[in-house]
$ cat protein-v1.cif   # mmCIF, C-alpha atoms
data_final
#
loop_
_atom_site.label_atom_id
_atom_site.label_comp_id
_atom_site.auth_asym_id
_atom_site.auth_seq_id
_atom_site.Cartn_x
_atom_site.Cartn_y
_atom_site.Cartn_z
CA MET F 1 -35.46 -27.13 -11.76
CA VAL F 2 -31.99 -28.29 -10.89
CA ASP F 3 -31.14 -31.60 -12.54
CA TRP F 4 -29.84 -33.38 -9.46
CA LEU F 5 -29.39 -36.72 -11.20
CA ASP F 6 -26.99 -35.15 -13.67
CA ILE F 7 -25.01 -33.52 -10.85
CA VAL F 8 -24.78 -36.77 -8.89
CA LEU F 9 -23.70 -38.64 -12.04
CA LYS F 10 -21.03 -36.04 -12.77
CA GLY F 11 -19.84 -36.29 -9.17
CA PHE F 12 -19.64 -40.05 -9.49
CA TRP F 13 -17.56 -39.84 -12.67
CA CYS F 14 -15.29 -37.26 -10.99
CA GLY F 15 -14.67 -39.91 -8.35
CA VAL F 16 -13.86 -42.49 -11.04
CA ALA F 17 -11.42 -40.10 -12.70
CA ALA F 18 -9.72 -39.41 -9.37
CA MET F 19 -9.35 -43.15 -8.74
CA GLY F 20 -7.66 -43.55 -12.12
CA PHE F 21 -5.16 -40.84 -11.30
CA ALA F 22 -4.61 -42.19 -7.78
CA VAL F 23 -3.62 -45.52 -9.31
CA LEU F 24 -1.43 -43.76 -11.87
CA PHE F 25 0.36 -41.93 -9.02
CA ASN F 26 0.67 -45.23 -7.12
CA ALA F 27 -1.31 -44.05 -4.09
CA PRO F 28 -1.57 -46.65 -1.30
CA THR F 29 -4.56 -49.00 -1.61
CA ARG F 30 -5.89 -47.89 1.79
CA ALA F 31 -6.33 -44.34 0.46
CA LEU F 32 -8.23 -45.19 -2.75
CA LEU F 33 -11.75 -45.22 -1.33
CA SER F 34 -11.28 -41.92 0.48
CA ILE F 35 -9.84 -40.35 -2.68
CA PHE F 36 -12.96 -41.50 -4.55
CA LEU F 37 -15.24 -40.01 -1.88
CA CYS F 38 -13.36 -36.70 -1.71
CA ALA F 39 -13.49 -36.35 -5.49
CA PHE F 40 -17.19 -37.30 -5.49
CA VAL F 41 -17.95 -34.54 -2.97
CA ALA F 42 -15.76 -32.11 -4.92
CA GLY F 43 -17.69 -32.94 -8.09
CA LEU F 44 -21.03 -32.44 -6.32
CA ILE F 45 -19.92 -29.04 -5.01
CA LYS F 46 -18.47 -27.91 -8.32
CA PHE F 47 -21.41 -28.89 -10.49
CA SER F 48 -23.99 -27.66 -7.97
CA ILE F 49 -22.46 -24.19 -7.83
CA PHE F 50 -21.74 -24.13 -11.55
CA ASN F 51 -25.38 -24.94 -12.25
CA PRO F 52 -27.05 -22.04 -14.12
CA ILE F 53 -29.83 -21.81 -11.52
CA VAL F 54 -27.35 -21.34 -8.69
CA GLY F 55 -25.35 -19.14 -11.03
CA GLY F 56 -21.82 -19.43 -9.64
CA GLY F 57 -19.00 -19.03 -12.15
CA ILE F 58 -16.69 -21.91 -12.97
CA ILE F 59 -13.75 -20.32 -11.11
CA LEU F 60 -15.76 -19.88 -7.90
CA ALA F 61 -17.17 -23.40 -8.24
CA SER F 62 -13.70 -24.91 -8.73
CA ALA F 63 -12.24 -22.86 -5.89
CA LEU F 64 -14.89 -23.94 -3.40
CA ALA F 65 -14.67 -27.59 -4.47
CA ALA F 66 -10.89 -27.60 -4.15
CA THR F 67 -11.06 -25.87 -0.77
CA ALA F 68 -13.52 -28.51 0.43
CA VAL F 69 -11.07 -31.21 -0.68
CA GLY F 70 -8.24 -29.40 1.10
CA PHE F 71 -10.15 -29.29 4.40
CA ALA F 72 -11.45 -32.84 4.03
CA SER F 73 -7.95 -34.14 3.33
CA ILE F 74 -6.80 -33.30 6.88
CA PRO F 75 -9.08 -35.65 8.87
CA VAL F 76 -9.04 -38.21 6.05
CA SER F 77 -5.25 -38.33 5.86
CA HIS F 78 -5.21 -38.77 9.63
CA TRP F 79 -7.64 -41.64 9.35
CA ARG F 80 -5.90 -43.39 6.45
CA HIS F 81 -2.32 -42.68 7.67
CA VAL F 82 -1.15 -40.96 4.51
CA PRO F 83 0.11 -37.40 3.96
CA PRO F 84 -2.74 -35.01 2.97
CA VAL F 85 -1.34 -34.33 -0.52
CA VAL F 86 -1.81 -38.03 -1.33
CA ILE F 87 -5.57 -37.47 -0.92
CA GLY F 88 -5.75 -33.89 -2.18
CA ILE F 89 -3.86 -34.05 -5.48
CA PRO F 90 -5.74 -36.96 -7.11
CA ALA F 91 -9.07 -35.64 -5.78
CA VAL F 92 -8.80 -32.25 -7.54
CA ILE F 93 -7.46 -33.58 -10.83
CA PRO F 94 -11.00 -34.20 -12.21
CA LEU F 95 -11.63 -30.46 -11.76
CA ILE F 96 -8.86 -29.52 -14.19
CA PRO F 97 -10.37 -27.40 -16.99
CA GLY F 98 -9.54 -29.64 -19.95
CA SER F 99 -12.09 -28.11 -22.30
CA PHE F 100 -10.76 -24.57 -21.77
CA ALA F 101 -7.24 -25.83 -22.42
CA TYR F 102 -8.45 -27.61 -25.55
CA ARG F 103 -10.24 -24.52 -26.84
CA THR F 104 -7.07 -22.48 -26.19
CA ILE F 105 -5.07 -24.80 -28.44
CA LEU F 106 -7.82 -24.83 -31.05
CA GLY F 107 -7.83 -21.03 -30.99
CA LEU F 108 -4.06 -20.99 -31.36
CA ILE F 109 -4.26 -23.12 -34.51
CA ASN F 110 -7.21 -21.14 -35.80
CA PHE F 111 -5.24 -17.90 -35.40
CA ILE F 112 -2.72 -19.12 -37.99
CA TYR F 113 -5.42 -18.96 -40.69
CA ASN F 114 -7.79 -16.43 -39.27
CA THR F 115 -6.21 -13.26 -37.90
CA GLU F 116 -9.38 -11.59 -36.68
CA VAL F 117 -9.19 -9.89 -33.29
CA GLU F 118 -12.10 -11.95 -31.99
CA VAL F 119 -10.19 -15.22 -32.50
CA LEU F 120 -7.29 -13.83 -30.49
CA THR F 121 -9.37 -12.45 -27.65
CA ARG F 122 -11.33 -15.69 -27.34
CA MET F 123 -8.09 -17.68 -27.25
CA VAL F 124 -6.57 -15.44 -24.55
CA HIS F 125 -9.82 -15.66 -22.58
CA ASN F 126 -9.77 -19.47 -22.71
CA GLY F 127 -6.07 -19.56 -21.82
CA LEU F 128 -6.55 -17.29 -18.81
CA MET F 129 -9.55 -19.32 -17.62
CA THR F 130 -7.38 -22.46 -17.74
CA LEU F 131 -4.62 -20.74 -15.80
CA PHE F 132 -6.85 -19.24 -13.13
CA ILE F 133 -8.79 -22.44 -12.54
CA ILE F 134 -5.57 -24.41 -12.07
CA LEU F 135 -4.34 -21.69 -9.68
CA VAL F 136 -7.47 -21.87 -7.51
CA LEU F 137 -7.28 -25.67 -7.49
CA ALA F 138 -3.73 -25.59 -6.12
CA LEU F 139 -4.59 -22.83 -3.68
CA GLY F 140 -7.71 -24.65 -2.47
CA VAL F 141 -5.84 -27.88 -1.75
CA THR F 142 -3.11 -26.09 0.23
CA LEU F 143 -5.33 -23.53 1.94
CA PRO F 144 -5.84 -25.40 5.26
CA MET F 145 -2.08 -25.94 5.55
CA LEU F 146 -1.45 -22.23 5.06
CA LEU F 147 -4.31 -21.13 7.27
CA PHE F 148 -3.45 -23.27 10.27
CA ARG F 149 0.32 -23.02 9.76
CA ILE F 150 0.81 -26.71 10.25
CA GLU F 151 3.73 -28.73 8.98
CA SER F 152 2.10 -32.07 9.60
CA VAL F 153 -1.40 -33.29 10.32
CA LYS F 154 -0.14 -35.96 12.67
CA ASN F 155 -0.97 -34.24 15.95
CA PHE F 156 -3.40 -31.72 14.57
CA ARG F 157 -7.03 -31.33 15.62
CA LEU F 158 -9.23 -28.42 14.64
CA SER F 159 -10.48 -28.03 18.24
CA THR F 160 -6.98 -27.68 19.70
CA PHE F 161 -6.12 -25.07 17.10
CA PHE F 162 -8.98 -22.84 18.14
CA LYS F 163 -8.17 -23.30 21.83
CA LYS F 164 -4.54 -22.43 21.24
CA GLY F 165 -5.55 -19.39 19.24
CA GLN F 166 -7.21 -17.64 22.19
CA MET R 1 10.34 -38.68 22.30
CA THR R 2 12.65 -41.46 23.34
CA THR R 3 16.24 -40.70 24.21
CA ARG R 4 18.74 -43.00 22.67
CA GLN R 5 22.38 -43.35 21.85
CA PRO R 6 23.39 -40.93 19.10
CA ALA R 7 23.68 -42.95 15.94
CA GLU R 8 26.80 -43.19 13.87
CA PRO R 9 26.65 -39.90 11.95
CA SER R 10 27.92 -41.11 8.58
CA ARG R 11 25.44 -43.96 8.55
CA LEU R 12 22.55 -41.72 9.55
CA GLY R 13 23.63 -39.16 6.98
CA ASN R 14 23.65 -41.72 4.21
CA LEU R 15 20.21 -43.00 5.19
CA LEU R 16 18.90 -39.44 5.21
CA LEU R 17 20.33 -38.87 1.74
CA GLN R 18 18.68 -42.06 0.49
CA ALA R 19 15.35 -41.08 2.02
CA GLY R 20 15.65 -37.56 0.57
CA VAL R 21 16.42 -38.85 -2.92
CA ALA R 22 13.47 -41.28 -2.74
CA LEU R 23 11.13 -38.49 -1.58
CA ILE R 24 12.21 -36.06 -4.29
CA LYS R 25 11.94 -38.72 -7.00
CA SER R 26 8.45 -39.65 -5.79
CA GLY R 27 7.04 -36.16 -6.05
CA ALA R 28 7.08 -34.84 -2.48
CA GLY R 29 7.06 -31.06 -2.10
CA SER R 30 10.21 -29.34 -0.83
CA SER R 31 8.90 -28.49 2.63
CA ARG R 32 7.71 -32.09 3.06
CA VAL R 33 11.21 -33.40 2.28
CA VAL R 34 12.78 -30.96 4.72
CA SER R 35 10.30 -31.66 7.53
CA ASN R 36 10.53 -35.44 7.12
CA LEU R 37 14.31 -35.49 7.11
CA SER R 38 14.64 -33.04 10.01
CA ARG R 39 12.28 -35.18 12.07
CA PHE R 40 14.41 -38.19 11.27
CA ALA R 41 17.66 -36.51 12.28
CA MET R 42 16.11 -35.03 15.42
CA ALA R 43 15.05 -38.47 16.63
CA TYR R 44 18.71 -39.47 16.68
CA GLY R 45 19.80 -36.26 18.36
CA TYR R 46 21.17 -34.39 15.38
CA GLU R 47 20.23 -31.23 13.60
CA ALA R 48 20.03 -31.55 9.84
CA ASN R 49 20.67 -28.73 7.40
CA ILE R 50 19.13 -29.56 4.07
CA ASP R 51 19.69 -27.87 0.76
CA MET R 52 17.76 -29.28 -2.16
CA GLY R 53 16.66 -28.78 -5.72
CA THR R 54 14.50 -31.08 -7.78
CA ARG R 55 17.52 -33.06 -8.97
CA ASN R 56 19.97 -32.79 -6.09
CA ILE R 57 20.09 -32.84 -2.32
CA SER R 58 22.82 -31.95 0.19
CA ILE R 59 22.59 -32.66 3.89
CA SER R 60 24.92 -31.71 6.70
CA LEU R 61 24.45 -32.93 10.25
CA HIS R 62 25.67 -31.44 13.50
CA LEU R 63 25.08 -31.93 17.21
CA GLU R 64 23.90 -28.91 19.12
CA ASN R 65 26.71 -26.33 19.53
CA GLN R 66 29.22 -28.59 17.90
CA GLU R 67 30.92 -28.49 14.60
CA ASN R 68 29.75 -30.20 11.48
CA ILE R 69 30.05 -33.97 11.71
CA PHE R 70 28.63 -35.12 8.43
CA SER R 71 28.07 -33.64 5.05
CA GLY R 72 27.07 -35.32 1.85
CA SER R 73 25.16 -34.76 -1.31
CA ARG R 74 23.50 -36.76 -4.04
CA SER R 75 22.46 -35.83 -7.52
CA ILE R 76 19.41 -37.44 -9.07
CA ALA R 77 19.48 -38.70 -12.64
CA THR R 78 15.81 -38.18 -13.43
CA LEU R 79 13.21 -35.46 -13.11
CA PRO R 80 10.73 -35.96 -10.27
CA GLY R 81 7.87 -38.37 -10.96
CA ALA R 82 4.93 -39.42 -8.80
CA ASN R 83 4.85 -42.36 -6.42
CA PHE R 84 2.62 -41.71 -3.44
CA ARG R 85 3.29 -45.08 -1.83
CA VAL R 86 6.93 -44.13 -1.31
CA VAL R 87 5.96 -40.70 0.05
CA SER R 88 3.47 -42.24 2.49
CA ALA R 89 5.85 -44.97 3.63
CA ILE R 90 8.75 -42.61 4.32
CA SER R 91 6.48 -40.10 6.03
CA LYS R 92 5.19 -42.86 8.30
CA LEU R 93 8.73 -44.10 8.94
CA SER R 94 9.87 -40.65 10.02
CA TRP R 95 7.09 -40.59 12.62
CA ASP R 96 7.72 -44.12 13.82
CA VAL R 97 11.38 -43.26 14.36
CA ILE R 98 10.34 -40.55 16.81
CA GLU R 99 7.67 -42.53 18.61
CA GLU R 100 9.21 -45.98 18.80
CA ASP R 101 12.68 -47.18 19.57
CA ILE R 102 13.84 -48.14 16.11
CA ASN R 103 17.52 -48.85 15.56
CA MET R 104 19.50 -48.04 12.45
CA ASP R 105 19.31 -51.56 11.03
CA MET R 106 15.53 -51.47 11.15
CA VAL R 107 15.44 -48.01 9.60
CA GLU R 108 17.69 -49.17 6.81
CA GLU R 109 15.51 -52.19 6.18
CA ARG R 110 12.26 -50.22 6.19
CA LEU R 111 13.73 -47.57 3.96
CA LYS R 112 14.81 -50.24 1.50
CA LYS R 113 11.31 -51.70 1.59
CA ALA R 114 9.76 -48.26 1.13
CA LYS R 115 11.86 -47.60 -1.95
CA GLU R 116 10.83 -50.90 -3.50
CA MET R 117 7.09 -50.41 -2.98
CA PRO R 118 5.22 -52.29 -5.70
CA MET R 119 3.37 -50.47 -8.46
CA TYR R 120 -0.17 -51.46 -9.33
CA ASN R 121 -0.60 -54.10 -12.00
CA ARG R 122 0.03 -52.55 -15.39
CA TYR R 123 -3.30 -53.58 -16.89
CA LEU R 124 -5.20 -52.40 -13.81
CA ILE R 125 -3.58 -48.98 -14.28
CA LEU R 126 -4.48 -48.98 -17.98
CA LEU R 127 -8.07 -49.96 -17.20
CA LEU R 128 -8.61 -47.42 -14.42
CA VAL R 129 -6.89 -44.56 -16.24
CA GLY R 130 -8.92 -45.42 -19.35
CA LEU R 131 -12.04 -45.19 -17.21
CA ALA R 132 -10.75 -41.88 -15.85
CA GLY R 133 -10.51 -40.62 -19.44
CA ALA R 134 -14.09 -41.70 -20.09
CA ALA R 135 -15.10 -40.05 -16.80
CA PHE R 136 -13.52 -36.76 -17.86
CA CYS R 137 -15.38 -37.03 -21.13
CA PHE R 138 -18.69 -37.40 -19.27
CA THR R 139 -18.06 -34.46 -16.94
CA PHE R 140 -17.26 -32.27 -19.96
CA GLY R 141 -20.58 -33.21 -21.53
CA GLY R 142 -19.64 -36.11 -23.80
CA ASN R 143 -22.09 -38.87 -24.72
CA ALA R 144 -21.64 -42.64 -24.39
CA THR R 145 -19.99 -43.06 -27.81
CA GLU R 146 -17.44 -40.37 -27.04
CA MET R 147 -16.78 -41.93 -23.65
CA ALA R 148 -16.04 -45.31 -25.23
CA ILE R 149 -13.73 -43.76 -27.83
CA THR R 150 -11.92 -41.74 -25.15
CA PHE R 151 -11.43 -44.92 -23.14
CA ALA R 152 -9.80 -46.58 -26.15
CA ALA R 153 -7.61 -43.57 -26.91
CA THR R 154 -6.45 -43.20 -23.31
CA PHE R 155 -5.73 -46.91 -23.06
CA ILE R 156 -3.58 -46.92 -26.21
CA GLY R 157 -1.87 -43.61 -25.37
CA LEU R 158 -0.97 -44.71 -21.85
CA TYR R 159 0.22 -48.11 -23.11
CA LEU R 160 2.63 -46.30 -25.42
CA LYS R 161 3.71 -43.96 -22.63
CA GLN R 162 4.54 -46.88 -20.34
CA GLU R 163 6.58 -48.52 -23.10
CA LEU R 164 8.49 -45.30 -23.85
CA VAL R 165 9.12 -44.58 -20.16
CA ARG R 166 10.55 -48.07 -19.79
CA LYS R 167 12.92 -47.39 -22.69
CA LYS R 168 14.00 -44.19 -20.86
CA PHE R 169 13.16 -41.66 -23.57
CA ASN R 170 13.17 -37.95 -22.81
CA PRO R 171 10.05 -37.30 -20.69
CA PHE R 172 8.79 -34.41 -22.83
CA LEU R 173 9.15 -36.45 -26.01
CA VAL R 174 7.22 -39.24 -24.30
CA THR R 175 4.42 -36.81 -23.48
CA TYR R 176 4.37 -35.44 -27.02
CA ALA R 177 4.34 -38.90 -28.62
CA SER R 178 1.60 -40.16 -26.30
CA ALA R 179 -0.54 -37.09 -26.99
CA VAL R 180 -0.11 -37.60 -30.75
CA VAL R 181 -1.08 -41.27 -30.53
CA ALA R 182 -4.09 -40.71 -28.24
CA ALA R 183 -5.43 -37.89 -30.40
CA THR R 184 -4.78 -39.90 -33.59
CA VAL R 185 -7.00 -42.69 -32.25
CA ILE R 186 -9.81 -40.14 -31.87
CA GLY R 187 -9.01 -38.75 -35.32
CA ILE R 188 -9.31 -42.20 -36.90
CA PHE R 189 -12.67 -42.79 -35.23
CA TRP R 190 -13.75 -39.38 -36.50
CA LYS R 191 -12.62 -40.12 -40.07
CA ILE R 192 -14.42 -43.45 -40.25
CA GLY R 193 -17.55 -41.61 -39.19
CA VAL R 194 -18.38 -43.08 -35.79
CA ASP R 195 -19.64 -39.71 -34.69
CA SER R 196 -19.63 -36.42 -36.59
CA LYS R 197 -18.63 -34.32 -33.61
CA LEU R 198 -15.88 -35.58 -31.32
CA ASP R 199 -14.85 -32.33 -29.64
CA HIS R 200 -15.23 -33.71 -26.13
CA ALA R 201 -13.24 -36.81 -27.01
CA PHE R 202 -10.40 -34.72 -28.52
CA ALA R 203 -10.34 -32.50 -25.44
CA THR R 204 -10.28 -35.32 -22.90
CA CYS R 205 -8.21 -38.07 -24.54
CA ILE R 206 -4.94 -36.32 -23.61
CA LEU R 207 -5.88 -35.52 -20.02
CA PHE R 208 -4.09 -38.58 -18.64
CA LEU R 209 -0.86 -36.77 -19.51
CA ILE R 210 -1.47 -33.65 -17.43
CA PRO R 211 1.34 -33.18 -14.89
CA GLY R 212 -1.03 -32.75 -11.94
CA VAL R 213 1.47 -33.51 -9.19
CA LEU R 214 4.03 -31.13 -10.67
CA MET R 215 1.49 -28.32 -11.11
CA ILE R 216 0.18 -28.49 -7.58
CA ASN R 217 3.61 -29.07 -6.02
CA ALA R 218 4.93 -26.08 -7.95
CA PHE R 219 2.33 -23.89 -6.32
CA ILE R 220 2.86 -25.45 -2.87
CA ASP R 221 6.62 -24.84 -3.15
CA LEU R 222 6.09 -21.23 -4.19
CA LEU R 223 3.74 -20.64 -1.26
CA ASP R 224 6.17 -22.30 1.16
CA GLY R 225 8.95 -19.99 0.02
CA TYR R 226 10.95 -22.51 -2.00
CA ILE R 227 10.74 -20.13 -4.94
CA ILE R 228 13.46 -21.68 -7.09
CA ASN R 229 12.06 -25.19 -6.68
CA GLY R 230 8.56 -23.89 -7.33
CA LEU R 231 9.68 -22.22 -10.57
CA ASP R 232 11.59 -25.36 -11.51
CA ARG R 233 8.50 -27.55 -11.09
CA GLY R 234 6.23 -24.95 -12.69
CA ILE R 235 8.37 -24.72 -15.82
CA ASN R 236 8.65 -28.50 -15.92
CA ALA R 237 4.83 -28.69 -15.81
CA LEU R 238 4.52 -25.98 -18.48
CA MET R 239 6.86 -27.91 -20.78
CA HIS R 240 4.69 -30.99 -20.36
CA ALA R 241 1.61 -28.89 -21.07
CA PHE R 242 3.32 -27.48 -24.15
CA ALA R 243 4.23 -31.01 -25.30
CA ILE R 244 0.58 -32.07 -24.91
CA ALA R 245 -0.60 -28.98 -26.77
CA SER R 246 1.88 -29.57 -29.59
CA GLY R 247 0.82 -33.21 -29.89
CA LEU R 248 -2.84 -32.28 -30.06
CA ALA R 249 -2.12 -29.42 -32.47
CA THR R 250 -0.19 -31.78 -34.77
CA VAL R 251 -3.10 -34.21 -34.98
CA LEU R 252 -5.75 -31.50 -35.38
CA TYR R 253 -3.67 -30.00 -38.17
CA ILE R 254 -3.35 -33.37 -39.94
CA PHE R 255 -7.07 -34.12 -39.64
CA GLY R 256 -7.93 -30.58 -40.61
CA ALA R 257 -10.13 -29.72 -37.65
CA ARG R 258 -10.29 -25.98 -37.36
#
$ encode --input "protein-v1.cif" --output "structure tokens"
Amino acid sequence: MVDWLDIVLKGFWCGVAAMGFAVLFNAPTRALLSIFLCAFVAGLIKFSIFNPIVGGGIILASALAATAVGFASIPVSHWRHVPPVVIGIPAVIPLIPGSFAYRTILGLINFIYNTEVEVLTRMVHNGLMTLFIILVLALGVTLPMLLFRIESVKNFRLSTFFKKGQ
Amino acid sequence: MTTRQPAEPSRLGNLLLQAGVALIKSGAGSSRVVSNLSRFAMAYGYEANIDMGTRNISISLHLENQENIFSGSRSIATLPGANFRVVSAISKLSWDVIEEDINMDMVEERLKKAKEMPMYNRYLILLLVGLAGAAFCFTFGGNATEMAITFAATFIGLYLKQELVRKKFNPFLVTYASAVVAATVIGIFWKIGVDSKLDHAFATCILFLIPGVLMINAFIDLLDGYIINGLDRGINALMHAFAIASGLATVLYIFGAR
């Protein structure tokens, strides 16, 4: 049985974390609520897919969550009159793999005393996980921009893009 | 687009340089700076050629098929930070210039206002970022005790960071010192025996220092083809990450957590 309450709670705290970073980056007040909501949805997506019953890996879960934020940031930025990165960057920060980064550093220190191969391989594994997750986060946020080749969301609507594409 | 009298080129050029410097300092990606400034220049009938790094910008203006009529450059004393209010305000201004008939005086005034956008109240920032630390702790599987401790550590670490930034210390030293202080707070709680296992708290107390804007902008710049600027931001972010790691490593070494 999937523990939905836990997932919703984690999503909520993702939203809180995103709000903190939005304030730290001095995002306009009018964007704060939408940043919270985007991060909440991102948290729901990440922790639903990452759930052992669903069985998605953490990289896939982070990638899909960040992509969702990237696509959501286009209409939301239009609505709140801010550039999409102002929504997207704070909203994916809660997805940053802090525990992998921490275990990488721990492994690095451990390797000073303990030169077994296993310590090294586990450290490199954790380091690479950190790197790849951050890469998919950045890619996910920018994906809509790359896909639709838009420089600005000001006059952009999904429907017009598909009409133009024919 | 409204047609209007071409503006005085040197005045427009200087405004563009000011806007460019403000955008770069506030953490806008390279293609955003270029598109905003080009839009600005186009509204007044000029074409802008922009060359920029993360600490310098040069702009030259010309009218179609005519020779260069303005060139100027500015260097920026500090590494790029993050201020999304400035980015939003200048982005909006660049659109309003196209859509409405705004004269140079008004542009100058709005640009000045945009650059002096207020920050949030310091204690509100401390409170919300502290909560963000606790939130991280929860999402990584920490319990209520660890969340409370992480809140305290983040609060104290960020307080120190704000003080050091105000005294204009080297940004990487600031990051290192803040990481040391935040992790030390956790270490002290661990030593006095609040909880026997504070792994989650150690891992999340330094997350307020992660250079998120730099990391994502680095990747955006690389994808947009501003390779040098992307590498510049990426290495800047890596140095911050290394400073955080060193700070955490120092404290873990002192407290003997292996």
$ resolve_selection --input "protein-v1.cif" --expression "the PyMOL selection byres ((chain R) within 6 of (chain F))" --output "PyMOL selection string"
chain R and resi 82-85+88+128-129+132+135+139+203+216+258
$ write_last_selection --input "protein-v1.cif" --atoms "C-alpha atoms" --output "mmCIF file, in the frame of the given file"
data_model
loop_
_atom_site.group_PDB
_atom_site.id
_atom_site.type_symbol
_atom_site.label_atom_id
_atom_site.label_comp_id
_atom_site.auth_asym_id
_atom_site.auth_seq_id
_atom_site.Cartn_x
_atom_site.Cartn_y
_atom_site.Cartn_z
ATOM 1 C CA ALA R 82 4.930 -39.420 -8.800
ATOM 2 C CA ASN R 83 4.850 -42.360 -6.420
ATOM 3 C CA PHE R 84 2.620 -41.710 -3.440
ATOM 4 C CA ARG R 85 3.290 -45.080 -1.830
ATOM 5 C CA SER R 88 3.470 -42.240 2.490
ATOM 6 C CA LEU R 128 -8.610 -47.420 -14.420
ATOM 7 C CA VAL R 129 -6.890 -44.560 -16.240
ATOM 8 C CA ALA R 132 -10.750 -41.880 -15.850
ATOM 9 C CA ALA R 135 -15.100 -40.050 -16.800
ATOM 10 C CA THR R 139 -18.060 -34.460 -16.940
ATOM 11 C CA ALA R 203 -10.340 -32.500 -25.440
ATOM 12 C CA ILE R 216 0.180 -28.490 -7.580
ATOM 13 C CA ARG R 258 -10.290 -25.980 -37.360
#
$ atom_distance --input "protein-v1.cif" --atom1 "atom CA of R:Ser58" --atom2 "atom CA of R:Lys112"
20.0 Å
$ residues_around --input "protein-v1.cif" --residues "stretch 246-249 of chain R" --least-positions-apart "6" --cutoff "6 Å" --atoms "all atoms listed in the file" --output "list in words"
Tyr176, Ala179 and Val180 of chain R
$ write_last_selection --input "protein-v1.cif" --atoms "C-alpha atoms" --output "CSV table (one decimal), in the coordinates of the input"
chain,number,residue,atom,x,y,z
R,176,TYR,CA,4.4,-35.4,-27.0
R,179,ALA,CA,-0.5,-37.1,-27.0
R,180,VAL,CA,-0.1,-37.6,-30.8
$ closest_residue --input "protein-v1.cif" --among "R:Asn170, R:Ser94, R:Thr154, R:Thr78" --to "R:Arg39" --atoms "all atoms listed in the file"
R:Ser94
$ closest_residue --input "protein-v1.cif" --among "R:Met215, R:Met147, R:Leu37, R:Ile102" --to "R:Met239" --atoms "only C-alpha atoms"
R:Met215
$ resolve_selection --input "protein-v1.cif" --expression "the PyMOL selection byres ((chain R and resi 183-199) around 12)" --output "PyMOL selection string"
(chain F and resi 98-100+102-103+106) or (chain R and resi 137+140-158+176-182+200-209+244-258)
$ axis_aligned_box --input "protein-v1.cif" --around "stretch 205-221 of chain R" --padding-each-side "6 Å" --output "lines of an AutoDock Vina configuration file"
center_x = -0.8
center_y = -31.2
center_z = -13.7
size_x = 26.8
size_y = 26.7
size_z = 33.7
$ atom_distance --input "protein-v1.cif" --atom1 "atom CA of R:Asn236" --atom2 "atom CA of F:Ile112"
26.5 Å
$ closest_residue --input "protein-v1.cif" --among "F:Ser34, F:Asn114, F:Thr121, F:Ser77" --to "F:Ala91" --atoms "only C-alpha atoms"
F:Ser34
$ resolve_selection --input "protein-v1.cif" --expression "the PyMOL selection byres ((chain R and resi 15) around 10)" --output "PyMOL selection string"
chain R and resi 9-14+16-21+37+40-41+104+107-108+111-112
$ residues_near_point --input "protein-v1.cif" --point "(5.5, -32.5, -23.5)" --cutoff "6 Å" --atoms "all atoms listed in the file" --output "list in words"
Phe172, Leu173, Thr175, Tyr176, Met239, His240, Ala241, Phe242, Ala243 and Ile244 of chain R
$ atom_distance --input "protein-v1.cif" --atom1 "atom CA of F:Gly70" --atom2 "atom CA of R:Gly234"
20.5 Å
$ residues_near_point --input "protein-v1.cif" --point "(15.1, -34.1, 17.6)" --cutoff "12 Å" --atoms "all atoms listed in the file" --output "number ranges by chain"
R: 1-4, 6, 35-48, 61-64, 94-95, 97-99
$ closest_residue --input "protein-v1.cif" --among "F:Ile74, F:Val117, F:Leu147, F:Met129" --to "F:Leu60" --atoms "all atoms listed in the file"
F:Met129
$ residues_around --input "protein-v1.cif" --residues "R:Ile227" --least-positions-apart "4" --cutoff "12 Å" --atoms "only C-alpha atoms" --output "number ranges by chain"
R: 29-31, 52-54, 217-223, 231-234
$ residues_around --input "protein-v1.cif" --residues "F:Ile49" --least-positions-apart "3" --cutoff "10 Å" --atoms "all atoms listed in the file" --output "PyMOL selection string"
chain F and resi 43-46+52-58+60-62+64-65
